[in-house]
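K.L.:
Structure file my_file-v5.cif (mmCIF, C-alpha atoms and all ligand atoms) is given on the next line.
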```
data_my_file
loop_
_atom_site.label_atom_id
_atom_site.label_comp_id
_atom_site.auth_asym_id
_atom_site.auth_seq_id
_atom_site.Cartn_x
_atom_site.Cartn_y
_atom_site.Cartn_z
CA MET A 30 49.72 21.15 -43.44
CA ILE A 31 49.43 24.92 -43.08
CA GLN A 32 45.93 24.71 -41.52
CA VAL A 33 47.26 22.46 -38.75
CA SER A 34 49.41 25.26 -37.36
CA ALA A 35 46.34 27.54 -37.48
CA VAL A 36 44.39 24.93 -35.48
CA TYR A 37 47.26 24.60 -33.02
CA ASP A 38 47.32 28.39 -32.53
CA ILE A 39 43.60 28.37 -31.76
CA ILE A 40 43.95 25.48 -29.31
CA LYS A 41 46.72 27.34 -27.48
CA ARG A 42 44.79 30.63 -27.43
CA TYR A 43 41.34 29.42 -26.22
CA TYR A 44 40.02 27.39 -23.28
CA ARG A 45 36.41 26.27 -23.87
CA PHE A 46 35.87 23.73 -26.68
CA LEU A 47 32.78 22.02 -28.04
CA ILE A 48 33.04 18.96 -30.28
CA THR A 49 30.19 17.82 -32.50
CA THR A 50 29.43 15.63 -35.52
CA HIS A 51 26.70 14.63 -37.95
CA VAL A 52 23.21 13.43 -36.97
CA ARG A 53 22.99 9.68 -36.29
CA ALA A 54 26.69 9.54 -35.50
CA ASP A 55 28.59 6.46 -36.71
CA GLY A 56 31.87 4.87 -35.59
CA ASP A 57 34.10 7.42 -37.36
CA ALA A 58 32.06 10.31 -35.95
CA ILE A 59 32.10 9.07 -32.35
CA GLY A 60 35.65 7.68 -32.46
CA SER A 61 36.95 11.02 -33.79
CA GLU A 62 35.03 13.02 -31.18
CA VAL A 63 36.27 10.88 -28.29
CA ALA A 64 39.89 10.96 -29.52
CA LEU A 65 39.85 14.77 -29.84
CA TYR A 66 38.13 15.04 -26.44
CA HIS A 67 41.00 13.15 -24.76
CA ALA A 68 43.66 15.10 -26.68
CA LEU A 69 42.20 18.49 -25.63
CA LYS A 70 41.59 17.31 -22.06
CA ASN A 71 45.22 16.20 -21.83
CA MET A 72 46.16 19.77 -22.79
CA GLY A 73 44.16 21.07 -19.79
CA LYS A 74 41.18 22.43 -21.77
CA SER A 75 37.49 22.51 -20.87
CA VAL A 76 35.81 20.21 -23.41
CA CYS A 77 32.34 18.84 -24.06
CA ILE A 78 30.82 16.79 -26.84
CA VAL A 79 27.30 17.70 -28.02
CA ASN A 80 25.42 15.53 -30.50
CA ASP A 81 22.01 15.59 -32.09
CA SER A 82 21.46 11.84 -31.74
CA ALA A 83 22.09 9.12 -29.19
CA VAL A 84 25.23 6.98 -29.29
CA PRO A 85 24.60 3.54 -30.86
CA GLN A 86 24.99 0.77 -28.27
CA ILE A 87 28.09 -0.70 -29.98
CA TYR A 88 30.13 2.52 -29.52
CA LYS A 89 29.21 3.31 -25.92
CA PHE A 90 32.29 1.53 -24.54
CA ILE A 91 34.64 4.26 -25.84
CA VAL A 92 32.61 7.23 -24.55
CA PRO A 93 33.69 8.38 -21.08
CA ASN A 94 30.81 8.88 -18.62
CA SER A 95 29.00 12.22 -18.71
CA VAL A 96 31.15 13.94 -21.37
CA MET A 97 28.59 13.54 -24.13
CA HIS A 98 25.51 15.76 -24.19
CA ILE A 99 22.67 14.64 -26.40
CA TYR A 100 20.21 17.30 -27.55
CA PRO A 101 18.20 18.80 -25.79
CA GLU A 102 20.47 18.22 -22.78
CA LEU A 103 22.90 21.04 -23.53
CA PRO A 104 26.05 22.11 -21.64
CA LYS A 105 25.85 25.32 -19.59
CA GLU A 106 29.19 26.65 -20.75
CA GLN A 107 29.44 28.75 -23.94
CA ALA A 108 32.14 27.38 -26.21
CA GLU A 109 34.75 29.65 -27.79
CA VAL A 110 35.77 27.05 -30.38
CA VAL A 111 33.64 24.40 -32.10
CA PHE A 112 35.11 21.34 -33.82
CA ALA A 113 32.73 19.82 -36.41
CA LEU A 114 34.03 16.34 -37.21
CA ASP A 115 33.04 13.99 -40.07
CA CYS A 116 30.32 16.43 -41.01
CA PRO A 117 29.90 17.64 -44.64
CA THR A 118 27.62 20.63 -43.97
CA LEU A 119 26.65 22.69 -40.93
CA ASP A 120 23.05 21.53 -41.38
CA ARG A 121 24.15 17.94 -40.82
CA ILE A 122 24.97 18.62 -37.17
CA GLY A 123 21.21 18.84 -36.73
CA LYS A 124 19.77 20.44 -33.62
CA THR A 125 23.25 20.90 -32.08
CA ARG A 126 23.37 24.07 -34.22
CA GLU A 127 21.26 25.82 -31.59
CA CYS A 128 24.08 25.73 -29.04
CA ILE A 129 26.81 27.14 -31.26
CA PRO A 130 27.54 30.71 -30.16
CA LYS A 131 27.48 33.21 -33.06
CA ASP A 132 31.06 34.32 -32.50
CA ALA A 133 32.56 30.84 -31.96
CA LYS A 134 35.42 29.81 -34.24
CA ILE A 135 34.41 26.76 -36.26
CA ILE A 136 37.00 24.15 -37.22
CA ASN A 137 35.74 21.73 -39.86
CA ILE A 138 37.64 18.42 -40.12
CA ASP A 139 36.15 15.95 -42.59
CA HIS A 140 36.63 13.49 -45.47
CA HIS A 141 33.27 13.70 -47.34
CA ILE A 142 33.47 14.72 -51.03
CA SER A 143 30.31 16.72 -50.44
CA ASN A 144 31.94 18.91 -47.72
CA GLU A 145 31.02 22.59 -48.07
CA ASN A 146 34.07 24.07 -46.28
CA PHE A 147 31.76 25.86 -43.83
CA GLY A 148 34.38 26.42 -41.10
CA ASN A 149 36.69 29.31 -40.23
CA ILE A 150 39.36 26.68 -40.70
CA ASN A 151 38.75 23.67 -42.96
CA ILE A 152 40.87 20.55 -42.94
CA VAL A 153 39.01 18.57 -45.57
CA THR A 154 40.36 15.85 -47.83
CA ASP A 155 38.53 12.94 -49.42
CA ASP A 156 41.59 10.78 -50.03
CA VAL A 157 41.65 9.35 -46.51
CA CYS A 158 39.56 6.46 -45.20
CA ALA A 159 38.08 8.27 -42.20
CA THR A 160 38.02 11.56 -40.31
CA GLY A 161 39.93 9.60 -37.65
CA GLU A 162 42.82 9.20 -40.12
CA ILE A 163 42.99 13.00 -40.59
CA LEU A 164 42.94 13.52 -36.81
CA LEU A 165 45.81 11.07 -36.38
CA SER A 166 47.92 13.07 -38.89
CA ILE A 167 47.03 16.30 -37.07
CA PHE A 168 47.95 14.82 -33.67
CA LYS A 169 51.25 13.56 -35.07
CA GLU A 170 52.05 16.96 -36.54
CA MET A 171 51.22 18.65 -33.21
CA LYS A 172 53.34 16.01 -31.43
CA ILE A 173 50.41 15.04 -29.24
CA ASN A 174 50.95 11.86 -27.21
CA ILE A 175 48.64 9.12 -28.55
CA SER A 176 47.39 7.47 -25.34
CA PRO A 177 45.68 4.04 -25.44
CA TYR A 178 42.30 5.87 -25.06
CA ILE A 179 43.01 8.09 -28.07
CA ALA A 180 44.39 5.13 -30.04
CA THR A 181 41.33 2.96 -29.30
CA ALA A 182 38.91 5.72 -30.34
CA LEU A 183 40.80 6.43 -33.60
CA TYR A 184 40.99 2.68 -34.28
CA VAL A 185 37.16 2.52 -34.00
CA ALA A 186 36.95 5.38 -36.53
CA ILE A 187 39.21 3.64 -39.04
CA VAL A 188 37.96 0.07 -38.63
CA THR A 189 34.29 1.10 -39.02
CA ASP A 190 34.68 3.53 -41.97
CA THR A 191 36.73 0.94 -43.89
CA GLY A 192 34.13 -1.77 -43.13
CA ARG A 193 36.74 -3.76 -41.18
CA PHE A 194 39.34 -3.05 -43.87
CA THR A 195 37.16 -4.32 -46.73
CA HIS A 196 36.04 -1.16 -48.59
CA THR A 197 38.00 0.46 -51.42
CA ASN A 198 39.22 3.13 -48.97
CA THR A 199 41.45 0.48 -47.31
CA THR A 200 44.67 2.10 -48.53
CA PRO A 201 48.22 1.34 -47.38
CA GLU A 202 47.95 4.59 -45.35
CA ALA A 203 44.78 3.36 -43.61
CA LEU A 204 46.45 0.07 -42.68
CA LYS A 205 49.63 1.85 -41.54
CA ALA A 206 47.52 4.17 -39.38
CA ALA A 207 45.73 1.17 -37.82
CA ALA A 208 49.04 -0.62 -37.18
CA PHE A 209 50.48 2.53 -35.59
CA LEU A 210 47.40 2.84 -33.34
CA ILE A 211 47.81 -0.75 -32.16
CA GLU A 212 51.46 0.07 -31.36
CA CYS A 213 50.13 2.99 -29.31
CA GLY A 214 47.96 0.61 -27.28
CA ALA A 215 44.62 0.56 -29.18
CA ARG A 216 42.54 -2.21 -27.61
CA HIS A 217 41.58 -3.84 -30.91
CA ASN A 218 40.18 -7.03 -29.33
CA GLU A 219 37.79 -4.95 -27.25
CA VAL A 220 36.78 -3.01 -30.38
CA THR A 221 36.03 -6.19 -32.33
CA LYS A 222 34.06 -7.65 -29.43
CA ASN A 223 31.93 -4.54 -28.81
CA VAL A 224 31.42 -3.32 -32.36
CA TYR A 225 31.00 -6.60 -34.22
CA ASN A 226 30.43 -9.52 -31.88
CA THR A 227 27.92 -8.36 -29.28
CA ASN A 228 24.55 -8.35 -31.08
CA SER A 229 21.52 -8.31 -28.80
CA PHE A 230 19.04 -11.13 -29.39
CA ASN A 231 16.48 -8.44 -30.30
CA LEU A 232 18.76 -7.12 -33.04
CA ILE A 233 19.21 -10.62 -34.48
CA GLN A 234 15.41 -10.97 -34.53
CA LEU A 235 15.15 -7.62 -36.32
CA ASN A 236 17.72 -8.90 -38.86
CA ALA A 237 15.38 -11.82 -39.59
CA HIS A 238 12.49 -9.41 -40.34
CA VAL A 239 14.72 -7.19 -42.47
CA LEU A 240 16.09 -10.13 -44.49
CA ASN A 241 12.49 -11.05 -45.31
CA THR A 242 12.04 -7.69 -47.08
CA VAL A 243 14.96 -8.11 -49.49
CA LYS A 244 14.06 -7.50 -53.14
CA LEU A 245 16.04 -7.34 -56.37
CA HIS A 246 15.29 -4.75 -59.06
CA PHE A 247 16.53 -3.65 -62.48
CA GLU A 248 18.02 -6.91 -63.79
CA ASN A 249 19.15 -7.80 -60.24
CA ARG A 250 21.57 -4.84 -60.17
CA ILE A 251 19.79 -3.06 -57.30
CA ALA A 252 18.80 -4.67 -53.98
CA THR A 253 16.58 -3.09 -51.32
CA VAL A 254 15.73 -3.87 -47.70
CA TRP A 255 13.37 -2.08 -45.29
CA VAL A 256 13.11 -1.30 -41.62
CA THR A 257 9.62 -0.17 -40.63
CA LYS A 258 8.50 1.45 -37.38
CA GLU A 259 6.39 -1.64 -36.75
CA MET A 260 9.45 -3.94 -36.96
CA LEU A 261 11.34 -1.72 -34.52
CA GLU A 262 8.45 -1.74 -32.06
CA LYS A 263 7.95 -5.48 -32.35
CA THR A 264 11.62 -6.35 -31.74
CA LYS A 265 12.23 -3.46 -29.28
CA VAL A 266 15.31 -2.28 -31.17
CA ASP A 267 16.30 1.39 -31.10
CA ALA A 268 16.44 2.83 -34.65
CA ILE A 269 19.91 4.26 -33.93
CA ASP A 270 21.23 0.68 -33.63
CA THR A 271 20.27 -0.30 -37.19
CA GLN A 272 22.98 1.43 -39.28
CA GLU A 273 24.91 -1.76 -40.07
CA LEU A 274 21.87 -3.22 -41.90
CA ALA A 275 22.97 -1.12 -44.90
CA ASP A 276 25.69 -3.72 -45.56
CA ILE A 277 23.16 -6.51 -46.28
CA PRO A 278 21.77 -5.64 -49.76
CA ILE A 279 25.14 -4.70 -51.31
CA SER A 280 26.57 -8.05 -50.17
CA ILE A 281 24.38 -9.92 -52.71
CA GLU A 282 26.35 -11.34 -55.63
CA GLY A 283 26.00 -9.26 -58.81
CA VAL A 284 24.30 -6.32 -57.07
CA CYS A 285 25.75 -2.92 -57.94
CA VAL A 286 23.72 -0.73 -55.54
CA GLY A 287 22.27 -1.79 -52.17
CA VAL A 288 19.63 0.38 -50.53
CA LEU A 289 18.42 0.38 -46.93
CA LEU A 290 15.17 2.29 -46.31
CA ARG A 291 14.32 3.12 -42.69
CA GLU A 292 11.28 4.70 -41.08
CA MET A 293 13.22 6.47 -38.35
CA THR A 294 13.01 10.23 -38.75
CA GLN A 295 9.88 12.39 -38.77
CA PRO A 296 6.56 10.76 -39.67
CA ASN A 297 6.22 10.26 -43.43
CA TRP A 298 9.97 10.67 -44.04
CA VAL A 299 12.34 7.83 -44.86
CA LYS A 300 16.08 7.64 -44.26
CA VAL A 301 17.80 6.13 -47.30
CA SER A 302 21.30 4.58 -47.08
CA MET A 303 22.99 3.52 -50.32
CA ARG A 304 26.10 1.40 -50.82
CA SER A 305 27.65 0.67 -54.23
CA ARG A 306 30.52 -0.93 -56.11
CA ASN A 307 32.04 -1.23 -59.62
CA GLY A 308 32.58 2.53 -59.95
CA PHE A 309 28.90 3.46 -59.48
CA ASP A 310 28.65 6.80 -57.66
CA VAL A 311 25.82 6.92 -55.09
CA ASN A 312 26.86 10.36 -53.82
CA ASN A 313 25.53 11.86 -57.07
CA VAL A 314 22.16 10.17 -56.56
CA ALA A 315 21.96 11.18 -52.87
CA LYS A 316 22.71 14.80 -53.87
CA LYS A 317 19.55 14.85 -56.04
CA PHE A 318 17.55 14.41 -52.81
CA GLY A 319 19.54 16.94 -50.77
CA GLY A 320 21.85 14.32 -49.25
CA GLY A 321 25.46 13.36 -49.88
CA GLY A 322 28.37 11.30 -48.62
CA HIS A 323 31.00 9.36 -50.53
CA LYS A 324 31.18 7.66 -53.95
CA TYR A 325 30.46 4.19 -52.52
CA ALA A 326 28.37 5.12 -49.42
CA ALA A 327 25.87 7.94 -49.34
CA GLY A 328 22.55 8.81 -47.77
CA CYS A 329 19.57 11.15 -47.86
CA GLU A 330 16.16 11.65 -46.33
CA ILE A 331 13.07 11.66 -48.54
CA GLN A 332 9.48 12.61 -47.75
CA GLY A 333 6.82 9.96 -48.37
CA SER A 334 5.80 6.48 -47.33
CA ILE A 335 8.44 3.76 -47.55
CA VAL A 336 6.75 2.41 -50.73
CA GLU A 337 6.76 5.85 -52.39
CA VAL A 338 10.35 6.60 -51.35
CA GLN A 339 11.53 3.28 -52.75
CA LYS A 340 9.91 4.22 -56.09
CA PHE A 341 11.60 7.67 -56.12
CA ILE A 342 15.03 6.32 -55.32
CA LEU A 343 14.77 3.37 -57.74
CA ALA A 344 13.80 5.74 -60.56
CA GLU A 345 16.93 7.86 -59.99
CA LEU A 346 19.19 4.84 -59.56
CA GLU A 347 17.90 3.23 -62.75
CA LYS A 348 18.45 6.46 -64.69
CA ALA A 349 22.02 6.67 -63.39
CA LEU A 350 22.72 2.99 -64.10
CA LEU A 351 21.44 3.39 -67.68
CA GLN A 352 23.78 6.35 -68.24
CA LYS A 353 26.68 4.29 -66.91
CA LYS A 354 26.06 1.39 -69.37
P1 LIG B 1 24.43 6.45 -44.15
O1 LIG B 1 23.72 6.04 -45.33
O2 LIG B 1 23.67 7.36 -43.24
O3 LIG B 1 25.05 5.31 -43.43
O4 LIG B 1 25.61 7.36 -44.66
C1 LIG B 1 26.56 7.00 -45.62
C2 LIG B 1 27.53 8.13 -45.80
O5 LIG B 1 26.85 9.25 -46.37
C3 LIG B 1 28.11 8.64 -44.49
O6 LIG B 1 29.44 9.06 -44.71
C4 LIG B 1 27.23 9.81 -44.15
O7 LIG B 1 27.90 10.76 -43.36
C5 LIG B 1 26.85 10.36 -45.51
N1 LIG B 1 25.49 10.93 -45.50
C6 LIG B 1 24.36 10.28 -45.15
N2 LIG B 1 23.28 11.10 -45.25
C7 LIG B 1 23.74 12.31 -45.67
C8 LIG B 1 23.14 13.58 -45.93
N3 LIG B 1 21.82 13.77 -45.80
N4 LIG B 1 23.94 14.59 -46.31
C9 LIG B 1 25.27 14.40 -46.44
N5 LIG B 1 25.92 13.24 -46.20
C10 LIG B 1 25.17 12.19 -45.82
MN MN B 2 30.23 9.36 -40.47
MN MN B 3 33.62 9.18 -41.91
#
```
As structure tokens, please, write out the structure in this file.

P.N.:
Amino acid sequence: MIQVSAVYDIIKRYYRFLITTHVRADGDAIGSEVALYHALKNMGKSVCIVNDSAVPQIYKFIVPNSVMHIYPELPKEQAEVVFALDCPTLDRIGKTRECIPKDAKIINIDHHISNENFGNINIVTDDVCATGEILLSIFKEMKINISPYIATALYVAIVTDTGRFTHTNTTPEALKAAAFLIECGARHNEVTKNVYNTNSFNLIQLNAHVLNTVKLHFENRIATVWVTKEMLEKTKVDAIDTQELADIPISIEGVCVGVLLREMTQPNWVKVSMRSRNGFDVNNVAKKFGGGGHKYAAGCEIQGSIVEVQKFILAELEKALLQKK
């Protein structure tokens, strides 16, 4: 890859690096950040990670103490180079934008189809399962030693973005990358335990409330579930720890699009997460509301009450499903 040598030149030439990702970072976002953090640190660089949103509980075990700044707690040092990982547009890094110096070089590494190539260097491809898979190729090309810390972080990226190797992005390359990471010492048992098998009792109680909201629409081809502010307050669950609930509606037999609606952003705005199958493209629907993502997993934020937002999104989904027939 020609851009990889350009990235390598920049890494050699500069000293102060900032790594960031999209708002409400997921496993690929955090795993990729942590892996790149270790790689740059091992090269003797000054590195910090700055994110808009808190780290979900299930990913905290891979984040070294005090390397991650969460807005508004910003680092004092001015970065010369900014890595934006798993982030389709510069807007998606959220409030972290405020701490990007005007003259910083931006390196954009991502796998979203909706990526806008906003960097000075862009390593963007949508035929990989995760941003972590791209980073692994870059590290291999740069002949960077993959330590067990780097391997574990990249394994988190790949295992979460493939839905534990169940989504259509589970390619032979994704599985080979995971196998290679385990050879490098990725602690996969620890990943499984922390990411999938350590639910708090509060989260299980929230699941019960959320399951009670499930509804089928449009000849049972669309399923919706809700998370309201009231449910979060009642069960004392942090909204950032509710991302995995998006897997519930799409798991229903015969459903083509699953939608999770969450009251978690500004008042009177709803975060919508869509998951799909059978060739139905939710990225196109998310784009109509200023969002984006991938063909089978996309999201957006829509103004209105949860009831109104459900109506808006169902109307667009039904239109798109009719066209597909
Ligand atoms: P989510 O529904 O937030 O779990 O996101 C599903 C996928 O869509 C992830 O790859 C996100 O990064 C992406 N995504 C979610 N919301 C947006 C948005 N507003 N703009 C662009 N991509 C998004
Ligand atoms: Mn992501
Ligand atoms: Mn990703």

K.L.:
Taking all atoms listed in the file into account, name the residue in A:Pro101, A:Gly287, A:Gly192, A:Gly148 that is nearest to ligand MN 3 (chain B).

P.N.:
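Between A:Pro101, A:Gly287, A:Gly192, A:Gly148, the residue approaching ligand MN 3 (chain B) most closely is A:Gly192.
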
K.L.:
At a cut-off of 9 Å, can you tabulate as JSON lines every residue of chain A near ligand MN 2 (chain B) together with its closest atom pair and the distance in Å to one decimal, using all atoms listed in the file and ordering rows by chain then number?

P.N.:
```
{"residue": "A:Thr50", "atom": "CA", "partner": "B:MN2", "partner_atom": "MN", "distance": 8.0}
{"residue": "A:His51", "atom": "CA", "partner": "B:MN2", "partner_atom": "MN", "distance": 6.8}
{"residue": "A:Val52", "atom": "CA", "partner": "B:MN2", "partner_atom": "MN", "distance": 8.8}
{"residue": "A:Arg53", "atom": "CA", "partner": "B:MN2", "partner_atom": "MN", "distance": 8.4}
{"residue": "A:Ala54", "atom": "CA", "partner": "B:MN2", "partner_atom": "MN", "distance": 6.1}
{"residue": "A:Asp55", "atom": "CA", "partner": "B:MN2", "partner_atom": "MN", "distance": 5.0}
{"residue": "A:Gly56", "atom": "CA", "partner": "B:MN2", "partner_atom": "MN", "distance": 6.8}
{"residue": "A:Asp57", "atom": "CA", "partner": "B:MN2", "partner_atom": "MN", "distance": 5.3}
{"residue": "A:Ala58", "atom": "CA", "partner": "B:MN2", "partner_atom": "MN", "distance": 5.0}
{"residue": "A:Ile59", "atom": "CA", "partner": "B:MN2", "partner_atom": "MN", "distance": 8.3}
{"residue": "A:Leu114", "atom": "CA", "partner": "B:MN2", "partner_atom": "MN", "distance": 8.6}
{"residue": "A:Asp115", "atom": "CA", "partner": "B:MN2", "partner_atom": "MN", "distance": 5.4}
{"residue": "A:Cys116", "atom": "CA", "partner": "B:MN2", "partner_atom": "MN", "distance": 7.1}
{"residue": "A:His141", "atom": "CA", "partner": "B:MN2", "partner_atom": "MN", "distance": 8.7}
{"residue": "A:Ala159", "atom": "CA", "partner": "B:MN2", "partner_atom": "MN", "distance": 8.1}
{"residue": "A:Thr160", "atom": "CA", "partner": "B:MN2", "partner_atom": "MN", "distance": 8.1}
{"residue": "A:Ala186", "atom": "CA", "partner": "B:MN2", "partner_atom": "MN", "distance": 8.7}
{"residue": "A:Asp190", "atom": "CA", "partner": "B:MN2", "partner_atom": "MN", "distance": 7.5}
{"residue": "A:Gly322", "atom": "CA", "partner": "B:MN2", "partner_atom": "MN", "distance": 8.6}
```

K.L.:
For the residues in the current selection, export C-alpha atoms as a compact mmCIF listing (two decimals), in the frame of the given file.

P.N.:
```txt
# COMPACT_ATOMS: atom_id res chain seq x y z
CA THR A 50 29.43 15.63 -35.52
CA HIS A 51 26.70 14.63 -37.95
CA VAL A 52 23.21 13.43 -36.97
CA ARG A 53 22.99 9.68 -36.29
CA ALA A 54 26.69 9.54 -35.50
CA ASP A 55 28.59 6.46 -36.71
CA GLY A 56 31.87 4.87 -35.59
CA ASP A 57 34.10 7.42 -37.36
CA ALA A 58 32.06 10.31 -35.95
CA ILE A 59 32.10 9.07 -32.35
CA LEU A 114 34.03 16.34 -37.21
CA ASP A 115 33.04 13.99 -40.07
CA CYS A 116 30.32 16.43 -41.01
CA HIS A 141 33.27 13.70 -47.34
CA ALA A 159 38.08 8.27 -42.20
CA THR A 160 38.02 11.56 -40.31
CA ALA A 186 36.95 5.38 -36.53
CA ASP A 190 34.68 3.53 -41.97
CA GLY A 322 28.37 11.30 -48.62
```

K.L.:
Go through chain A and flag each residue having an atom no more than 9 Å from ligand LIG 1 (chain B); for those, report the closest pair of atoms plus their distance in Å to one decimal, using only C-alpha atoms and all ligand atoms, ordered by chain and rising number, as CSV.

P.N.:
```
residue,atom,partner,partner_atom,distance
A:His51,CA,B:LIG1,O7,6.8
A:Val52,CA,B:LIG1,O7,8.4
A:Arg53,CA,B:LIG1,O2,7.4
A:Ala54,CA,B:LIG1,O7,8.0
A:Asp55,CA,B:LIG1,O3,7.7
A:Asp57,CA,B:LIG1,O6,8.9
A:Ala58,CA,B:LIG1,O7,8.5
A:Asp115,CA,B:LIG1,O7,6.9
A:Cys116,CA,B:LIG1,O7,6.6
A:Pro117,CA,B:LIG1,C9,5.9
A:Thr118,CA,B:LIG1,C9,7.1
A:Asp120,CA,B:LIG1,N4,8.6
A:Arg121,CA,B:LIG1,N4,6.4
A:His140,CA,B:LIG1,O6,8.5
A:His141,CA,B:LIG1,O6,6.6
A:Ser143,CA,B:LIG1,C9,6.8
A:Asn144,CA,B:LIG1,C9,8.2
A:Asp190,CA,B:LIG1,O6,8.1
A:Gln272,CA,B:LIG1,O3,6.0
A:Glu273,CA,B:LIG1,O3,7.8
A:Ala275,CA,B:LIG1,O3,6.9
A:Val288,CA,B:LIG1,O1,8.7
A:Leu289,CA,B:LIG1,O1,7.9
A:Lys300,CA,B:LIG1,O2,7.7
A:Val301,CA,B:LIG1,O1,6.2
A:Ser302,CA,B:LIG1,O1,3.3
A:Met303,CA,B:LIG1,O1,5.6
A:Arg304,CA,B:LIG1,O1,7.6
A:Asn312,CA,B:LIG1,O5,7.5
A:Ala315,CA,B:LIG1,C8,7.4
A:Lys316,CA,B:LIG1,N4,7.7
A:Phe318,CA,B:LIG1,N3,8.2
A:Gly319,CA,B:LIG1,N3,6.3
A:Gly320,CA,B:LIG1,N3,3.5
A:Gly321,CA,B:LIG1,C9,3.6
A:Gly322,CA,B:LIG1,O5,3.4
A:His323,CA,B:LIG1,O5,5.9
A:Lys324,CA,B:LIG1,O5,8.9
A:Tyr325,CA,B:LIG1,C2,8.3
A:Ala326,CA,B:LIG1,C1,4.6
A:Ala327,CA,B:LIG1,O5,3.4
A:Gly328,CA,B:LIG1,N2,3.5
A:Cys329,CA,B:LIG1,N3,4.0
A:Glu330,CA,B:LIG1,N3,6.1
```

K.L.:
For a quick check of understanding, using only C-alpha atoms and all ligand atoms, which of A:Asp267, A:Glu162, A:Asp276, A:Glu106 has the smallest distance to ligand MN 3 (chain B)?

P.N.:
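The shortest atom-to-atom distance to ligand MN 3 (chain B) comes from A:Glu162.
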
K.L.:
Using CA of Val256 (chain A) and CA of Val299 (chain A) as the two end points, give the distance in Å to one decimal.

P.N.:
9.7 Å

K.L.:
Report, in Å to a single decimal, how far apart CA of Asn71 (chain A) and CA of Glu109 (chain A) are.

P.N.:
18.1 Å

K.L.:
Using all atoms listed in the file for the distances, tell me which of A:Ala180, A:Ile39, A:Leu103, A:Ile187 is nearest to ligand MN 3 (chain B).

P.N.:
A:Ile187

K.L.:
So which one's closest to Ser229 (chain A), A:His196, A:Lys205, A:Arg42, A:Lys265? Using only C-alpha atoms, please.

P.N.:
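Checking each candidate against Ser229 (chain A), we get A:Lys265 as the closest.
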
K.L.:
Using the partial input, fill out region 160-174 of chain A with N, CA and C atoms; write the result as a PDB file, in the coordinates of the input.

P.N.:
```pdb
ATOM      1  N   THR A 160      37.622  10.315 -40.997  1.00  0.00           N
ATOM      2  CA  THR A 160      38.020  11.560 -40.310  1.00  0.00           C
ATOM      3  C   THR A 160      39.061  11.227 -39.242  1.00  0.00           C
ATOM      4  N   GLY A 161      38.945  10.038 -38.647  1.00  0.00           N
ATOM      5  CA  GLY A 161      39.930   9.600 -37.650  1.00  0.00           C
ATOM      6  C   GLY A 161      41.351   9.545 -38.214  1.00  0.00           C
ATOM      7  N   GLU A 162      41.479   9.227 -39.509  1.00  0.00           N
ATOM      8  CA  GLU A 162      42.820   9.200 -40.120  1.00  0.00           C
ATOM      9  C   GLU A 162      43.386  10.620 -40.219  1.00  0.00           C
ATOM     10  N   ILE A 163      42.526  11.602 -40.523  1.00  0.00           N
ATOM     11  CA  ILE A 163      42.990  13.000 -40.590  1.00  0.00           C
ATOM     12  C   ILE A 163      43.431  13.442 -39.186  1.00  0.00           C
ATOM     13  N   LEU A 164      42.596  13.106 -38.181  1.00  0.00           N
ATOM     14  CA  LEU A 164      42.940  13.520 -36.810  1.00  0.00           C
ATOM     15  C   LEU A 164      44.283  12.939 -36.381  1.00  0.00           C
ATOM     16  N   LEU A 165      44.528  11.686 -36.754  1.00  0.00           N
ATOM     17  CA  LEU A 165      45.810  11.070 -36.380  1.00  0.00           C
ATOM     18  C   LEU A 165      46.970  11.867 -36.984  1.00  0.00           C
ATOM     19  N   SER A 166      46.843  12.270 -38.269  1.00  0.00           N
ATOM     20  CA  SER A 166      47.920  13.070 -38.890  1.00  0.00           C
ATOM     21  C   SER A 166      48.087  14.399 -38.150  1.00  0.00           C
ATOM     22  N   ILE A 167      46.954  15.017 -37.781  1.00  0.00           N
ATOM     23  CA  ILE A 167      47.030  16.300 -37.070  1.00  0.00           C
ATOM     24  C   ILE A 167      47.734  16.114 -35.722  1.00  0.00           C
ATOM     25  N   PHE A 168      47.333  15.076 -34.991  1.00  0.00           N
ATOM     26  CA  PHE A 168      47.950  14.820 -33.670  1.00  0.00           C
ATOM     27  C   PHE A 168      49.443  14.591 -33.813  1.00  0.00           C
ATOM     28  N   LYS A 169      49.820  13.844 -34.870  1.00  0.00           N
ATOM     29  CA  LYS A 169      51.250  13.560 -35.070  1.00  0.00           C
ATOM     30  C   LYS A 169      51.997  14.858 -35.342  1.00  0.00           C
ATOM     31  N   GLU A 170      51.391  15.700 -36.205  1.00  0.00           N
ATOM     32  CA  GLU A 170      52.050  16.960 -36.540  1.00  0.00           C
ATOM     33  C   GLU A 170      52.168  17.876 -35.320  1.00  0.00           C
ATOM     34  N   MET A 171      51.180  17.819 -34.436  1.00  0.00           N
ATOM     35  CA  MET A 171      51.220  18.650 -33.210  1.00  0.00           C
ATOM     36  C   MET A 171      52.048  17.979 -32.118  1.00  0.00           C
ATOM     37  N   LYS A 172      52.555  16.782 -32.412  1.00  0.00           N
ATOM     38  CA  LYS A 172      53.340  16.010 -31.430  1.00  0.00           C
ATOM     39  C   LYS A 172      52.557  15.715 -30.155  1.00  0.00           C
ATOM     40  N   ILE A 173      51.277  15.407 -30.359  1.00  0.00           N
ATOM     41  CA  ILE A 173      50.410  15.040 -29.240  1.00  0.00           C
ATOM     42  C   ILE A 173      50.639  13.563 -28.912  1.00  0.00           C
ATOM     43  N   ASN A 174      50.765  13.265 -27.620  1.00  0.00           N
ATOM     44  CA  ASN A 174      50.950  11.860 -27.210  1.00  0.00           C
ATOM     45  C   ASN A 174      49.667  11.065 -27.491  1.00  0.00           C
TER      46      ASN A 174
END
```
